[in-house]
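Chemist: One structure follows; several queries about it will come next.
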Amino acid sequence: MATGRTHRPATRSRGIPEATVARLPLYLRALTALSERSVPTVSSEELASAAGVNSAKLRKDFSYLGSYGTRGVGYDVEYLVYQISRELGLTQDWPVVIVGIGNLGAALANYGGFASRGFRVAALIDADPAMAGKPVAGLPVRHTDDLESIISENGVSIGVIATPAGAAQQVCDRLVAAGITSILNFAPTVLSVPDGVDVRKVDLSIELQILAFHEQRKAGEESAQGTSATPPRPGGAAARAAAGGVAPAPGKGPDGDVPAVMPA
């Protein structure tokens with residue numbers, strides 16, 4: 001079976017935009033679910049809805065693959081699964097090493113989705129001597145002293161970093177020096193890498209903070225709507241203005257005072 005080191009995906013040479021590449025796994029996930037239900041064809045609208053994008057964007061993305069579908073019929077599900085899998089490089093074996101076998105690293109090692117998507121966990125590596133030899137997800141943990149030889153022996157080009165932030169850059173440097181050209185970084189830090197090395201960062205705390213922002217914004221909008229629905233106080237400035245009196249000055253509260261909470 002071919003290994004990741006000798007075969008590279010064709011997306012860059014074919015000029016597929018990075019934004020399109022980022023959406024291909026979403027299409028593949030939706031198509032795989034359809035395939036498992038033995039659905040033969042799917043319209044662009046149905047597939048776009050399942051992938052969470054609009055249909056015009058989906059059709060544009062698929063045009064880069066040379067797949068336009070059939071008017072009145074839609075897209076052949078199995079053929080699209082093959083097309084996208086091939087474009088993403090998932091029709092070959094990609095050996096992966098995971099460095100840092102704490103709670104997160106162990107959870108990643110036990111994730112069953114790697115093998116079904118063309119990724120084989122070749123080795124688990126940790127700096128703790130007490131972890132050496134311990135089985136995790138059916139693999140013995142190897143010490144970081146063996147990192148370079150593990151990468152060389154298994155032809156690995158993809159590394160996963162799940163170490164604490166303070167150790168991540170040093171691990172990254174060793175991975176790159178050993179020949180790793182793609183890194184998935186779970187450590188809460190920004191890695192510095194040379195040209196030619198791709199890094200994808202996964203930071204769960206950042207994603208939660210973004211959700212917290214949206215929750216706060218929604219709560220603020222609901223509060224504002226509730227305030228706007230409150231009737232004016234009898235005899236207040238707003239009531240006087242409605243009755244032909246002087247309106248409150250712009251930027252001031254209903255009684256002419258600066259409101260307690262200024263809008264951002």
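Naming works like this for the structure tokens: A, B, ... for the chains as they're shown, residue 1 at the start of each chain, ligands 1 onward in shown order.
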Tell me, counting only C-alpha atoms, for each residue of stretch 74-168 of chain A within 9 Å of stretch 21-29 of chain A, which pair of atoms is nearest and how far apart they are in Å to one decimal, in rows ordered by chain and increasing number, as CSV.

Modeler:
```
residue,atom,partner,partner_atom,distance
A:Leu80,CA,A:Leu28,CA,8.0
A:Val81,CA,A:Leu28,CA,6.1
A:Ile84,CA,A:Leu28,CA,6.5
A:Ser85,CA,A:Leu28,CA,7.4
A:Glu87,CA,A:Leu24,CA,8.8
A:Leu88,CA,A:Leu24,CA,7.8
```

Chemist: Could you dump the residues just selected with C-alpha atoms as a compact mmCIF listing (two decimals), in the first residue's frame?

Modeler:
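The file below, result_34.txt, is the result:
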```txt
# COMPACT_ATOMS: atom_id res chain seq x y z
CA LEU A 80 -18.67 12.08 -6.02
CA VAL A 81 -17.43 10.15 -2.97
CA ILE A 84 -13.57 14.00 -3.51
CA SER A 85 -11.71 11.18 -1.75
CA GLU A 87 -8.78 14.87 -4.56
CA LEU A 88 -8.21 14.91 -0.80
```

Chemist: Hey, what's within 8 Å of A:Asp203 if we count only C-alpha atoms and toss same-chain stuff fewer than 4 positions away? As number ranges by chain, please?

Modeler: A: 186-188, 207

Chemist: Need to verify the contact set: stretch 164-170 of chain A, 8 Å, only C-alpha atoms, exclusion of same-chain residues closer than 3 positions in sequence. Can you return it as a PyMOL selection string?

Modeler: chain A and resi 100+161+173-174+187-189+191-192

Chemist: Would you mind exporting the chosen residues as a PDB file, in the first residue's frame, restricted to all heavy atoms?

Modeler:
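Heads up, here's the output in selection_38.pdb:
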```pdb
ATOM      1  N   GLY A 100       2.302  13.359  22.412  1.00  0.00           N
ATOM      2  CA  GLY A 100       1.628  13.869  23.600  1.00  0.00           C
ATOM      3  C   GLY A 100       0.425  13.002  23.920  1.00  0.00           C
ATOM      4  O   GLY A 100      -0.664  13.232  23.417  1.00  0.00           O
ATOM      5  N   ILE A 161       0.163  17.142  17.130  1.00  0.00           N
ATOM      6  CA  ILE A 161       0.743  17.606  18.388  1.00  0.00           C
ATOM      7  C   ILE A 161      -0.372  17.823  19.401  1.00  0.00           C
ATOM      8  O   ILE A 161      -1.274  18.633  19.186  1.00  0.00           O
ATOM      9  CB  ILE A 161       1.538  18.910  18.190  1.00  0.00           C
ATOM     10  CG1 ILE A 161       2.730  18.662  17.259  1.00  0.00           C
ATOM     11  CG2 ILE A 161       2.022  19.463  19.524  1.00  0.00           C
ATOM     12  CD1 ILE A 161       3.548  19.908  16.957  1.00  0.00           C
ATOM     13  N   ASP A 173       9.545  21.515  15.969  1.00  0.00           N
ATOM     14  CA  ASP A 173      10.855  21.635  15.328  1.00  0.00           C
ATOM     15  C   ASP A 173      11.453  20.262  15.043  1.00  0.00           C
ATOM     16  O   ASP A 173      12.040  20.040  13.970  1.00  0.00           O
ATOM     17  CB  ASP A 173      11.805  22.438  16.221  1.00  0.00           C
ATOM     18  CG  ASP A 173      11.393  23.904  16.356  1.00  0.00           C
ATOM     19  OD1 ASP A 173      10.615  24.376  15.512  1.00  0.00           O
ATOM     20  OD2 ASP A 173      11.862  24.552  17.308  1.00  0.00           O
ATOM     21  N   ARG A 174      11.305  19.347  15.986  1.00  0.00           N
ATOM     22  CA  ARG A 174      11.845  18.001  15.774  1.00  0.00           C
ATOM     23  C   ARG A 174      11.081  17.261  14.681  1.00  0.00           C
ATOM     24  O   ARG A 174      11.683  16.537  13.875  1.00  0.00           O
ATOM     25  CB  ARG A 174      11.802  17.210  17.085  1.00  0.00           C
ATOM     26  CG  ARG A 174      12.824  17.670  18.118  1.00  0.00           C
ATOM     27  CD  ARG A 174      12.824  16.763  19.341  1.00  0.00           C
ATOM     28  NE  ARG A 174      13.192  15.390  19.013  1.00  0.00           N
ATOM     29  CZ  ARG A 174      13.165  14.381  19.883  1.00  0.00           C
ATOM     30  NH1 ARG A 174      12.743  14.592  21.132  1.00  0.00           N
ATOM     31  NH2 ARG A 174      13.534  13.166  19.515  1.00  0.00           N
ATOM     32  N   ALA A 187      -2.213  21.914  20.522  1.00  0.00           N
ATOM     33  CA  ALA A 187      -1.648  22.679  21.639  1.00  0.00           C
ATOM     34  C   ALA A 187      -2.115  24.127  21.548  1.00  0.00           C
ATOM     35  O   ALA A 187      -2.158  24.707  20.453  1.00  0.00           O
ATOM     36  CB  ALA A 187      -0.125  22.614  21.612  1.00  0.00           C
ATOM     37  N   PRO A 188      -2.449  24.750  22.685  1.00  0.00           N
ATOM     38  CA  PRO A 188      -2.946  26.130  22.667  1.00  0.00           C
ATOM     39  C   PRO A 188      -1.841  27.156  22.468  1.00  0.00           C
ATOM     40  O   PRO A 188      -1.572  27.984  23.325  1.00  0.00           O
ATOM     41  CB  PRO A 188      -3.611  26.274  24.044  1.00  0.00           C
ATOM     42  CG  PRO A 188      -2.841  25.350  24.924  1.00  0.00           C
ATOM     43  CD  PRO A 188      -2.466  24.182  24.057  1.00  0.00           C
ATOM     44  N   THR A 189      -1.186  27.092  21.333  1.00  0.00           N
ATOM     45  CA  THR A 189      -0.116  28.028  21.002  1.00  0.00           C
ATOM     46  C   THR A 189       0.054  28.087  19.494  1.00  0.00           C
ATOM     47  O   THR A 189      -0.352  27.156  18.776  1.00  0.00           O
ATOM     48  CB  THR A 189       1.211  27.605  21.667  1.00  0.00           C
ATOM     49  OG1 THR A 189       2.196  28.616  21.463  1.00  0.00           O
ATOM     50  CG2 THR A 189       1.722  26.297  21.081  1.00  0.00           C
ATOM     51  N   LEU A 191       2.381  27.909  16.293  1.00  0.00           N
ATOM     52  CA  LEU A 191       3.656  27.303  15.936  1.00  0.00           C
ATOM     53  C   LEU A 191       4.327  28.074  14.802  1.00  0.00           C
ATOM     54  O   LEU A 191       3.663  28.561  13.887  1.00  0.00           O
ATOM     55  CB  LEU A 191       3.447  25.851  15.507  1.00  0.00           C
ATOM     56  CG  LEU A 191       2.849  24.910  16.551  1.00  0.00           C
ATOM     57  CD1 LEU A 191       2.604  23.535  15.935  1.00  0.00           C
ATOM     58  CD2 LEU A 191       3.773  24.790  17.768  1.00  0.00           C
ATOM     59  N   SER A 192       5.644  28.146  14.868  1.00  0.00           N
ATOM     60  CA  SER A 192       6.441  28.743  13.801  1.00  0.00           C
ATOM     61  C   SER A 192       7.046  27.616  12.973  1.00  0.00           C
ATOM     62  O   SER A 192       7.747  26.751  13.511  1.00  0.00           O
ATOM     63  CB  SER A 192       7.551  29.617  14.405  1.00  0.00           C
ATOM     64  OG  SER A 192       8.382  30.132  13.388  1.00  0.00           O
TER      65      SER A 192
END
```

Chemist: Excluding stretch 138-147 of chain A and residues on its chain fewer than 2 positions from it, collect all residues at most 8 Å away from it, counting only C-alpha atoms, and give them as a list in words.

Modeler: Ile101, Ala123, Leu124, Ile125, Asp126, Ala127, Asp128, Pro129, Met131, Ala132, Gly133, Lys134, Pro135, Val136, Ser149, Ile150, Ile151 and Leu175 of chain A

Chemist: Output N, CA, C and O atoms for every residue in the selection just made, as a PDB file, in the first residue's frame.

Modeler:
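Now in out.pdb:
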```pdb
ATOM      1  N   ILE A 101       0.629  11.987  24.744  1.00  0.00           N
ATOM      2  CA  ILE A 101      -0.454  11.030  25.012  1.00  0.00           C
ATOM      3  C   ILE A 101      -1.033  11.269  26.406  1.00  0.00           C
ATOM      4  O   ILE A 101      -0.986  10.405  27.290  1.00  0.00           O
ATOM      5  N   ALA A 123       2.168   5.566  15.206  1.00  0.00           N
ATOM      6  CA  ALA A 123       2.857   5.536  16.497  1.00  0.00           C
ATOM      7  C   ALA A 123       2.278   6.598  17.429  1.00  0.00           C
ATOM      8  O   ALA A 123       1.787   7.640  16.991  1.00  0.00           O
ATOM      9  N   LEU A 124       2.361   6.292  18.720  1.00  0.00           N
ATOM     10  CA  LEU A 124       2.005   7.228  19.781  1.00  0.00           C
ATOM     11  C   LEU A 124       3.279   7.546  20.543  1.00  0.00           C
ATOM     12  O   LEU A 124       4.011   6.631  20.940  1.00  0.00           O
ATOM     13  N   ILE A 125       3.555   8.835  20.741  1.00  0.00           N
ATOM     14  CA  ILE A 125       4.844   9.251  21.300  1.00  0.00           C
ATOM     15  C   ILE A 125       4.611  10.181  22.484  1.00  0.00           C
ATOM     16  O   ILE A 125       3.762  11.071  22.431  1.00  0.00           O
ATOM     17  N   ASP A 126       5.374   9.959  23.558  1.00  0.00           N
ATOM     18  CA  ASP A 126       5.248  10.812  24.738  1.00  0.00           C
ATOM     19  C   ASP A 126       6.609  10.959  25.408  1.00  0.00           C
ATOM     20  O   ASP A 126       7.457  10.061  25.339  1.00  0.00           O
ATOM     21  N   ALA A 127       6.806  12.118  26.062  1.00  0.00           N
ATOM     22  CA  ALA A 127       8.093  12.401  26.707  1.00  0.00           C
ATOM     23  C   ALA A 127       8.223  11.770  28.094  1.00  0.00           C
ATOM     24  O   ALA A 127       9.324  11.694  28.637  1.00  0.00           O
ATOM     25  N   ASP A 128       7.126  11.301  28.658  1.00  0.00           N
ATOM     26  CA  ASP A 128       7.149  10.722  30.006  1.00  0.00           C
ATOM     27  C   ASP A 128       7.680   9.297  29.952  1.00  0.00           C
ATOM     28  O   ASP A 128       7.051   8.422  29.346  1.00  0.00           O
ATOM     29  N   PRO A 129       8.824   9.019  30.603  1.00  0.00           N
ATOM     30  CA  PRO A 129       9.366   7.648  30.586  1.00  0.00           C
ATOM     31  C   PRO A 129       8.397   6.628  31.162  1.00  0.00           C
ATOM     32  O   PRO A 129       8.409   5.454  30.760  1.00  0.00           O
ATOM     33  N   MET A 131       5.335   6.437  30.627  1.00  0.00           N
ATOM     34  CA  MET A 131       4.336   6.060  29.623  1.00  0.00           C
ATOM     35  C   MET A 131       4.869   5.052  28.618  1.00  0.00           C
ATOM     36  O   MET A 131       4.087   4.371  27.955  1.00  0.00           O
ATOM     37  N   ALA A 132       6.194   4.961  28.492  1.00  0.00           N
ATOM     38  CA  ALA A 132       6.805   4.103  27.471  1.00  0.00           C
ATOM     39  C   ALA A 132       6.357   2.654  27.638  1.00  0.00           C
ATOM     40  O   ALA A 132       6.444   2.081  28.726  1.00  0.00           O
ATOM     41  N   GLY A 133       5.875   2.091  26.551  1.00  0.00           N
ATOM     42  CA  GLY A 133       5.451   0.696  26.547  1.00  0.00           C
ATOM     43  C   GLY A 133       4.006   0.480  26.935  1.00  0.00           C
ATOM     44  O   GLY A 133       3.462  -0.603  26.695  1.00  0.00           O
ATOM     45  N   LYS A 134       3.363   1.476  27.519  1.00  0.00           N
ATOM     46  CA  LYS A 134       1.969   1.312  27.910  1.00  0.00           C
ATOM     47  C   LYS A 134       1.075   1.281  26.674  1.00  0.00           C
ATOM     48  O   LYS A 134       1.225   2.095  25.771  1.00  0.00           O
ATOM     49  N   PRO A 135       0.141   0.344  26.626  1.00  0.00           N
ATOM     50  CA  PRO A 135      -0.740   0.287  25.448  1.00  0.00           C
ATOM     51  C   PRO A 135      -1.860   1.322  25.515  1.00  0.00           C
ATOM     52  O   PRO A 135      -2.514   1.487  26.538  1.00  0.00           O
ATOM     53  N   VAL A 136      -2.038   2.031  24.418  1.00  0.00           N
ATOM     54  CA  VAL A 136      -3.143   2.971  24.263  1.00  0.00           C
ATOM     55  C   VAL A 136      -3.743   2.716  22.884  1.00  0.00           C
ATOM     56  O   VAL A 136      -3.026   2.774  21.880  1.00  0.00           O
ATOM     57  N   SER A 149      13.465   8.171  14.414  1.00  0.00           N
ATOM     58  CA  SER A 149      13.514   6.844  13.797  1.00  0.00           C
ATOM     59  C   SER A 149      12.111   6.341  13.467  1.00  0.00           C
ATOM     60  O   SER A 149      11.906   5.670  12.443  1.00  0.00           O
ATOM     61  N   ILE A 150      11.126   6.671  14.299  1.00  0.00           N
ATOM     62  CA  ILE A 150       9.744   6.261  14.028  1.00  0.00           C
ATOM     63  C   ILE A 150       9.246   6.886  12.731  1.00  0.00           C
ATOM     64  O   ILE A 150       8.642   6.216  11.890  1.00  0.00           O
ATOM     65  N   ILE A 151       9.515   8.166  12.564  1.00  0.00           N
ATOM     66  CA  ILE A 151       9.065   8.874  11.357  1.00  0.00           C
ATOM     67  C   ILE A 151       9.736   8.294  10.121  1.00  0.00           C
ATOM     68  O   ILE A 151       9.088   8.069   9.083  1.00  0.00           O
ATOM     69  N   LEU A 175       9.770  17.432  14.651  1.00  0.00           N
ATOM     70  CA  LEU A 175       8.968  16.786  13.610  1.00  0.00           C
ATOM     71  C   LEU A 175       9.376  17.282  12.228  1.00  0.00           C
ATOM     72  O   LEU A 175       9.571  16.488  11.297  1.00  0.00           O
TER      73      LEU A 175
END
```

Chemist: As number ranges by chain, please: all residues of stretch 5-252 of chain A that backbone DSSP puts in strand (DSSP E).

Modeler: A: 41-42, 75-76, 94-99, 119-126, 135-136, 139-143, 158-161, 182-185, 198-201

Chemist: Could you name the residues that touch A:Val156 at 10 Å or less, counting only C-alpha atoms, but leaving out those on the same chain fewer than 2 positions away, as a PDB file with C-alpha atoms, in the first residue's frame?

Modeler:
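Just written: selection-v6.pdb:
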```pdb
ATOM      1  CA  THR A   3       2.325   5.723   1.963  1.00  0.00           C
ATOM      2  CA  GLY A   4       1.773   9.418   2.448  1.00  0.00           C
ATOM      3  CA  ARG A   5       5.417  10.333   1.906  1.00  0.00           C
ATOM      4  CA  THR A   6       5.514   9.288  -1.750  1.00  0.00           C
ATOM      5  CA  TRP A  94      -1.497   8.210   5.360  1.00  0.00           C
ATOM      6  CA  PRO A  95       0.547   7.142   8.394  1.00  0.00           C
ATOM      7  CA  VAL A  96       0.220   9.595  11.287  1.00  0.00           C
ATOM      8  CA  VAL A  97       2.104  10.029  14.564  1.00  0.00           C
ATOM      9  CA  ARG A 120      -3.356   5.085  10.011  1.00  0.00           C
ATOM     10  CA  VAL A 121      -1.962   5.921  13.440  1.00  0.00           C
ATOM     11  CA  ALA A 122       1.571   4.607  13.036  1.00  0.00           C
ATOM     12  CA  ALA A 123       2.857   5.536  16.497  1.00  0.00           C
ATOM     13  CA  ILE A 150       9.744   6.261  14.028  1.00  0.00           C
ATOM     14  CA  ILE A 151       9.065   8.874  11.357  1.00  0.00           C
ATOM     15  CA  SER A 152      11.762   7.491   9.081  1.00  0.00           C
ATOM     16  CA  GLU A 153      10.736   3.847   9.492  1.00  0.00           C
ATOM     17  CA  ASN A 154       7.052   4.501   8.850  1.00  0.00           C
ATOM     18  CA  ILE A 158       1.661  14.041   9.030  1.00  0.00           C
ATOM     19  CA  GLY A 159       2.185  14.723  12.720  1.00  0.00           C
ATOM     20  CA  LEU A 175       8.968  16.786  13.610  1.00  0.00           C
ATOM     21  CA  ALA A 178      12.651  14.623  10.777  1.00  0.00           C
ATOM     22  CA  GLY A 179      10.722  15.221   7.556  1.00  0.00           C
ATOM     23  CA  ILE A 180       7.161  15.974   8.674  1.00  0.00           C
ATOM     24  CA  THR A 181       5.524  18.397   6.227  1.00  0.00           C
ATOM     25  CA  SER A 182       1.988  18.631   7.673  1.00  0.00           C
TER      26      SER A 182
END
```

Chemist: Using only C-alpha atoms, which protein or nucleic acid residues come within 12 Å of A:Val53? Drop anything in the same chain fewer than 2 positions from it, and give the result as a list in words.

Modeler: Thr20, Ala22, Arg23, Leu24, Leu26, Tyr27, Ala30, Ser44, Glu45, Glu46, Leu47, Ala48, Ser49, Ala50, Ala51, Ser55, Ala56, Lys57, Leu58, Arg59, Lys60 and Asp61 of chain A

Chemist: Would you write out those residues with C-alpha atoms, as a PDB file, in the first residue's frame?

Modeler:
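Okay, this is what ended up in part.pdb:
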```pdb
ATOM      1  CA  THR A  20     -12.927  25.053  -1.632  1.00  0.00           C
ATOM      2  CA  ALA A  22     -11.742  23.379   3.301  1.00  0.00           C
ATOM      3  CA  ARG A  23     -15.310  22.552   2.215  1.00  0.00           C
ATOM      4  CA  LEU A  24     -14.522  19.262   0.462  1.00  0.00           C
ATOM      5  CA  LEU A  26     -17.961  18.677   4.528  1.00  0.00           C
ATOM      6  CA  TYR A  27     -19.284  17.438   1.192  1.00  0.00           C
ATOM      7  CA  ALA A  30     -22.626  14.386   3.761  1.00  0.00           C
ATOM      8  CA  SER A  44     -27.122  20.346  -5.423  1.00  0.00           C
ATOM      9  CA  GLU A  45     -29.745  21.905  -3.130  1.00  0.00           C
ATOM     10  CA  GLU A  46     -30.062  18.766  -0.988  1.00  0.00           C
ATOM     11  CA  LEU A  47     -26.322  18.238  -0.729  1.00  0.00           C
ATOM     12  CA  ALA A  48     -25.645  21.906  -0.009  1.00  0.00           C
ATOM     13  CA  SER A  49     -28.194  21.842   2.804  1.00  0.00           C
ATOM     14  CA  ALA A  50     -26.640  18.685   4.282  1.00  0.00           C
ATOM     15  CA  ALA A  51     -23.159  20.250   4.118  1.00  0.00           C
ATOM     16  CA  SER A  55     -26.067  25.529  -3.563  1.00  0.00           C
ATOM     17  CA  ALA A  56     -24.358  28.132  -5.775  1.00  0.00           C
ATOM     18  CA  LYS A  57     -21.146  27.788  -3.783  1.00  0.00           C
ATOM     19  CA  LEU A  58     -21.383  24.001  -3.967  1.00  0.00           C
ATOM     20  CA  ARG A  59     -21.753  24.028  -7.742  1.00  0.00           C
ATOM     21  CA  LYS A  60     -18.788  26.384  -8.040  1.00  0.00           C
ATOM     22  CA  ASP A  61     -16.684  24.117  -5.804  1.00  0.00           C
TER      23      ASP A  61
END
```

Chemist: Using Å and a single decimal, report how far atom CA of A:Asp195 sits from atom CA of A:Val99.

Modeler: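 It comes out at 21.9 Å.
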